[in-house]
Amino acid sequence: MAQVTLRKVIKKYDEVLAVRGVDLDIADKEFIVLVGPSGCGKSTTLRMIAGLEEISGGDIVIGGDVVNDVPPKDRDIAMVFQNYALYPHMNVYENMSFGLKLKKTARDEIDRRVKQAAQILDITELLDRKPKQLSGGQRQRVAMGRAIVRDPKVFLFDEPLSNLDAKLRVQMRTEIKKVHQKVRTTTVYVTHDQVEAMTLADRVVVMNAGLIEQVGAPNDLYHSPATKFVAGFIGSPAMNFIPCQLEQAAGALRLRVNDRFSLPVPASRTARYGTYVGRPNLMLGLRPEHITETRPHVEPDQHDFDMGIEVVEPMGMETLVYFTVNGAEVCGRVNPNANAAAGQTMKLRADLSNMHLIDDTTGKVL
Amino acid sequence: MADIAAPTATAVAGDRRTGLHRLMQRKSTIAFLMALPLILLIGILVLYPACYAIWLAMLNKSMSKFVGLGNFQFLFKRDTFWDVVFQSCLFAITAVVFKAIIGFVVAHFVHNIPSKGQRKWRGMLLVPWVIPPAMSTLAWLWLFDPAYSAFNWILAHFGIGPVPWLGEAAWARFAVILVNIWAGAPFFMIMYLAALKSVPEQLYEAAAIDGAAWWQRIWYVTLPMMRNIIAITALFSLIVTFANFDIVRVLTNGGPLTATQLFGTWGFKLGIESGDIPLGSCVVLFMVPILAVAAAFILRDISRRGSEV
């Protein structure tokens, strides 16, 4: 059990900066998820914590010790790999006990720990099998078992669910969360899937282009993203970005999307947005669930408008409608009974109480 | 409809034609015809010489009389024959073990060279294996020459020697094995290198995190992962080395006396040089059961591992 701290960690491949100065404090027993698109440096960061990549600058501290030059085997960490990396010539028991065997742990102690981990993961009956006799999900469990058995300071997960099919992925996600609740160990988990990040993490670290964009609890990231990147990355379908202008009209602020269409800014935001009147490159950020079909009851800051629907995607519990505003494709989530149809005009409602105003020049959410 | 109405005579001819036609259309017939060129080739180049050798081995020296197993009985009574058996085994086993070890070590070195320079090294290291052995052995012959041996010249600087490289039984055996290792190790190197490249990098990473030192990674990850290729290469090389002819023939011609004779070279000496073809083929035939056992092992291994993976 340990804290992990990254201080100005840099990774350079030849002249390319893969990680450009990452600062991160991970509390003891915390579940941290690093999330971001491919090539954002999240896996590299994880591998630097593991010691599989040398760091080009900065410090990594595990449990109070700077481990910059400590080889992986002495860092007391355990890692679960994307393709499991189980030793194919060893059976499940041997795979799980390998680390302990190398540490010359007593045989009955190994036995006790392997059996215990197997019980936690419900793989007791698989202990004699070879990895190739296991399904993807079972291999994943064994890989986790191998990590649990070691009782390390830190668990590292490198996209552990990417090789599983969609249904199993959801199941294993819950499984990982359960395991973390039973075996509370500091965990760093890398994924490109924002749903995994949201569901698993105590705190999510969103990375982009080698830098941390934002760190925060899943709901904080969702409701108050700091940058356009985070706003667009977290949430599915992604947040809509509509180019707009802010104008002052009769003491109130209005968002002007185009000549024919403008919406009043909620009164609560007037003070915050006041200085941005007339600025170029502004964008309205609005999540799809805040564009719905119209309803009889009107809340403050909700505004109805007519829109020609271009594409309709029924999802069962909801229907996604797509239309174009000011050159931007916009997605809304409407009730499946609202009779949305492609090529028809529909009365939609925008809930601006949850809007974001984004400066597209700096990428910051205002 | 036209078929039914056709006269009986043409119908019979038609039957014969369709019978042949049907035969030609059977899958097994087509398969047999396609394989026929190869079957003929194997028959002419392998089966016929093999059977002929067995036939020859059962004739008397002038090849005028059938003597059954007489030649074999004669061989068993000769000490030289048992020397050849011993030498062949010593030669093949020692050479294969060292080729495997050296190939394994060199493969690791090459594997760790950054991929940019690796091609060059791979190419250079393959040279001994690519040069026709008769030719490269000539170069070794000069290196070992009693009068102007380069090795002895170097050793003389340290006050050692001169070593009778090819003149003394033990040294001659050493020299023959050395040259064979030199020529054969690159084959092991390239096979092991390919095997090394197929071991997923993440297994090493997992082992590193599990706390394995470099030698434990080799012992617990590399070797088990390469077990297949190690077994197959070693057995394959055992066969080729056991049946070696060219290196011994050029380097020592079996000498001094018969100290470096192998089955191949001794059979050649008896059969071609001394004109006792039946006895020569009799000697060479002794390789068959020994190599058959090795081949059986290889085939068993491949099929077993094949079904395992």
# chains A, B, ... in the order shown; residues from 1 in each chain; ligands from 1
$ residues_around --residues "region 102-118 of chain B" --least-positions-apart "3" --cutoff "7 Å" --atoms "only C-alpha atoms" --output "ChimeraX atom specification"
/B:98-99,121-122,185-186,188-190,192-193
$ interface_residues --of "chain B" --to "chain A" --cutoff "7 Å" --atoms "only C-alpha atoms" --output "list in words"
Gln202, Leu203, Glu205, Ala206, Ala208, Ile209, Asp210, Gly211, Ala212 and Pro224 of chain B
$ residues_around --residues "region 91-96 of chain B" --least-positions-apart "6" --cutoff "12 Å" --atoms "only C-alpha atoms" --output "ChimeraX atom specification"
/B:83-85,102-104,170,172-188,230-245,247-248,259-263,290-291
$ select_by_dssp --residues "region 124-362 of chain A" --states "alpha helix (DSSP H)" --output "NGL selection string"
:A and (136-150 or 166-182 or 194-200 or 218-223 or 228-233 or 270-273)
$ write_last_selection --atoms "C-alpha atoms" --output "PDB file, in the first residue's frame"
ATOM      1  CA  GLY A 136     -10.405 -14.324 -22.761  1.00  0.00           C
ATOM      2  CA  GLY A 137     -12.242 -13.417 -19.593  1.00  0.00           C
ATOM      3  CA  GLN A 138     -10.657 -16.266 -17.642  1.00  0.00           C
ATOM      4  CA  ARG A 139      -7.191 -15.253 -18.819  1.00  0.00           C
ATOM      5  CA  GLN A 140      -7.959 -11.757 -17.676  1.00  0.00           C
ATOM      6  CA  ARG A 141      -8.847 -13.086 -14.236  1.00  0.00           C
ATOM      7  CA  VAL A 142      -5.646 -15.081 -14.069  1.00  0.00           C
ATOM      8  CA  ALA A 143      -3.631 -12.014 -15.017  1.00  0.00           C
ATOM      9  CA  MET A 144      -5.333 -10.155 -12.191  1.00  0.00           C
ATOM     10  CA  GLY A 145      -4.738 -13.106  -9.896  1.00  0.00           C
ATOM     11  CA  ARG A 146      -1.059 -12.977 -10.683  1.00  0.00           C
ATOM     12  CA  ALA A 147      -1.071  -9.362  -9.575  1.00  0.00           C
ATOM     13  CA  ILE A 148      -3.146  -9.895  -6.423  1.00  0.00           C
ATOM     14  CA  VAL A 149      -1.033 -12.797  -5.207  1.00  0.00           C
ATOM     15  CA  ARG A 150       2.034 -10.596  -5.097  1.00  0.00           C
ATOM     16  CA  ALA A 166     -18.146  -5.804 -25.502  1.00  0.00           C
ATOM     17  CA  LYS A 167     -20.354  -7.846 -23.170  1.00  0.00           C
ATOM     18  CA  LEU A 168     -17.465  -9.413 -21.315  1.00  0.00           C
ATOM     19  CA  ARG A 169     -15.787  -6.045 -21.017  1.00  0.00           C
ATOM     20  CA  VAL A 170     -18.714  -4.652 -19.057  1.00  0.00           C
ATOM     21  CA  GLN A 171     -18.758  -7.746 -16.853  1.00  0.00           C
ATOM     22  CA  MET A 172     -15.004  -7.634 -16.158  1.00  0.00           C
ATOM     23  CA  ARG A 173     -15.205  -3.921 -15.463  1.00  0.00           C
ATOM     24  CA  THR A 174     -17.548  -4.602 -12.591  1.00  0.00           C
ATOM     25  CA  GLU A 175     -15.309  -7.480 -11.584  1.00  0.00           C
ATOM     26  CA  ILE A 176     -12.258  -5.209 -11.374  1.00  0.00           C
ATOM     27  CA  LYS A 177     -14.186  -2.754  -9.287  1.00  0.00           C
ATOM     28  CA  LYS A 178     -15.293  -5.537  -6.941  1.00  0.00           C
ATOM     29  CA  VAL A 179     -11.744  -6.806  -6.624  1.00  0.00           C
ATOM     30  CA  HIS A 180     -10.501  -3.332  -5.796  1.00  0.00           C
ATOM     31  CA  GLN A 181     -13.130  -3.046  -3.104  1.00  0.00           C
ATOM     32  CA  LYS A 182     -11.934  -6.340  -1.599  1.00  0.00           C
ATOM     33  CA  GLN A 194     -13.944   6.929 -21.211  1.00  0.00           C
ATOM     34  CA  VAL A 195     -16.795   4.742 -19.961  1.00  0.00           C
ATOM     35  CA  GLU A 196     -14.294   2.480 -18.212  1.00  0.00           C
ATOM     36  CA  ALA A 197     -12.600   5.541 -16.806  1.00  0.00           C
ATOM     37  CA  MET A 198     -15.842   6.985 -15.479  1.00  0.00           C
ATOM     38  CA  THR A 199     -17.113   3.764 -13.962  1.00  0.00           C
ATOM     39  CA  LEU A 200     -13.927   2.582 -12.291  1.00  0.00           C
ATOM     40  CA  PRO A 218     -15.671  11.275 -12.773  1.00  0.00           C
ATOM     41  CA  ASN A 219     -18.726  13.454 -12.208  1.00  0.00           C
ATOM     42  CA  ASP A 220     -16.668  16.620 -11.849  1.00  0.00           C
ATOM     43  CA  LEU A 221     -15.025  15.946 -15.201  1.00  0.00           C
ATOM     44  CA  TYR A 222     -18.379  15.307 -16.762  1.00  0.00           C
ATOM     45  CA  HIS A 223     -20.177  18.327 -15.420  1.00  0.00           C
ATOM     46  CA  LYS A 228     -12.703  21.621 -24.776  1.00  0.00           C
ATOM     47  CA  PHE A 229     -10.697  18.403 -25.081  1.00  0.00           C
ATOM     48  CA  VAL A 230     -12.025  16.999 -21.805  1.00  0.00           C
ATOM     49  CA  ALA A 231     -15.527  18.212 -22.616  1.00  0.00           C
ATOM     50  CA  GLY A 232     -15.411  16.358 -25.930  1.00  0.00           C
ATOM     51  CA  PHE A 233     -13.633  13.261 -24.669  1.00  0.00           C
ATOM     52  CA  THR A 270     -24.221  36.583 -17.237  1.00  0.00           C
ATOM     53  CA  ALA A 271     -21.553  37.834 -14.882  1.00  0.00           C
ATOM     54  CA  ARG A 272     -19.097  35.103 -15.787  1.00  0.00           C
ATOM     55  CA  TYR A 273     -19.467  35.482 -19.543  1.00  0.00           C
TER      56      TYR A 273
END
$ residues_around --residues "Ala267 (chain A)" --least-positions-apart "5" --cutoff "10 Å" --atoms "only C-alpha atoms" --output "PyMOL selection string"
chain A and resi 252-253+272+300-301+353
$ residues_around --residues "Val288 (chain B)" --least-positions-apart "3" --cutoff "12 Å" --atoms "only C-alpha atoms" --output "PyMOL selection string"
chain B and resi 50+53-54+239+242-243+263-264+281-285+291-296
$ closest_residue --among "A:Val325, A:Ile358, A:Val35, A:Ile60" --to "Asp259 (chain A)" --atoms "only C-alpha atoms"
A:Val325
$ atom_distance --atom1 "CA of Asn91 (chain A)" --atom2 "CA of Leu126 (chain A)"
8.8 Å
$ atom_distance --atom1 "CA of Gln73 (chain B)" --atom2 "CA of Pro256 (chain B)"
26.1 Å
$ atom_distance --atom1 "CA of Ile234 (chain A)" --atom2 "CA of Met307 (chain A)"
26.1 Å
$ residues_around --residues "Asp111 (chain A)" --least-positions-apart "5" --cutoff "9 Å" --atoms "only C-alpha atoms" --output "compact mmCIF listing (two decimals) with C-alpha atoms, in the first residue's frame"
# COMPACT_ATOMS: atom_id res chain seq x y z
CA TYR A 93 -1.25 -21.97 -10.57
CA SER A 97 2.82 -18.20 -8.09
CA ALA A 106 7.61 -20.53 1.50
CA GLN A 116 -7.07 -17.07 -1.70
$ residues_around --residues "Val206 (chain A)" --least-positions-apart "2" --cutoff "8 Å" --atoms "only C-alpha atoms" --output "PDB file with N, CA and C atoms, in the first residue's frame"
ATOM      1  N   LEU A  34      -5.984   6.624 -15.991  1.00  0.00           N
ATOM      2  CA  LEU A  34      -5.424   7.511 -17.007  1.00  0.00           C
ATOM      3  C   LEU A  34      -6.182   7.241 -18.293  1.00  0.00           C
ATOM      4  N   VAL A  35      -6.783   8.275 -18.847  1.00  0.00           N
ATOM      5  CA  VAL A  35      -7.570   8.071 -20.057  1.00  0.00           C
ATOM      6  C   VAL A  35      -7.177   9.123 -21.081  1.00  0.00           C
ATOM      7  N   GLY A  36      -7.273   8.744 -22.329  1.00  0.00           N
ATOM      8  CA  GLY A  36      -6.938   9.680 -23.407  1.00  0.00           C
ATOM      9  C   GLY A  36      -6.885   8.927 -24.709  1.00  0.00           C
ATOM     10  N   VAL A 204     -10.201  10.526 -12.263  1.00  0.00           N
ATOM     11  CA  VAL A 204      -9.820  10.295 -13.651  1.00  0.00           C
ATOM     12  C   VAL A 204      -8.767  11.325 -14.036  1.00  0.00           C
ATOM     13  N   ASN A 208      -3.726  14.292 -22.878  1.00  0.00           N
ATOM     14  CA  ASN A 208      -3.762  14.599 -24.306  1.00  0.00           C
ATOM     15  C   ASN A 208      -2.395  15.110 -24.724  1.00  0.00           C
ATOM     16  N   ILE A 212      -1.278  16.328 -18.953  1.00  0.00           N
ATOM     17  CA  ILE A 212      -2.542  16.111 -18.256  1.00  0.00           C
ATOM     18  C   ILE A 212      -3.466  17.274 -18.567  1.00  0.00           C
ATOM     19  N   GLU A 213      -4.657  16.974 -19.050  1.00  0.00           N
ATOM     20  CA  GLU A 213      -5.619  18.033 -19.336  1.00  0.00           C
ATOM     21  C   GLU A 213      -6.378  18.399 -18.070  1.00  0.00           C
ATOM     22  N   GLN A 214      -6.780  17.379 -17.344  1.00  0.00           N
ATOM     23  CA  GLN A 214      -7.571  17.625 -16.142  1.00  0.00           C
ATOM     24  C   GLN A 214      -7.570  16.387 -15.257  1.00  0.00           C
ATOM     25  N   VAL A 215      -7.573  16.617 -13.959  1.00  0.00           N
ATOM     26  CA  VAL A 215      -7.685  15.523 -13.000  1.00  0.00           C
ATOM     27  C   VAL A 215      -8.922  15.792 -12.165  1.00  0.00           C
ATOM     28  N   VAL A 230     -11.380  17.836 -22.825  1.00  0.00           N
ATOM     29  CA  VAL A 230     -12.025  16.999 -21.805  1.00  0.00           C
ATOM     30  C   VAL A 230     -13.530  16.960 -22.048  1.00  0.00           C
TER      31      VAL A 230
END
$ select_by_dssp --residues "region 274-361 of chain A" --states "strand (DSSP E or B)" --output "ChimeraX atom specification"
/A:282-286,291-293,302-308,311-314,319-325,328-334,345-351,356-359
$ closest_residue --among "A:Arg269, A:Lys347, A:Arg333, A:Arg279" --to "Pro296 (chain A)" --atoms "only C-alpha atoms"
A:Lys347
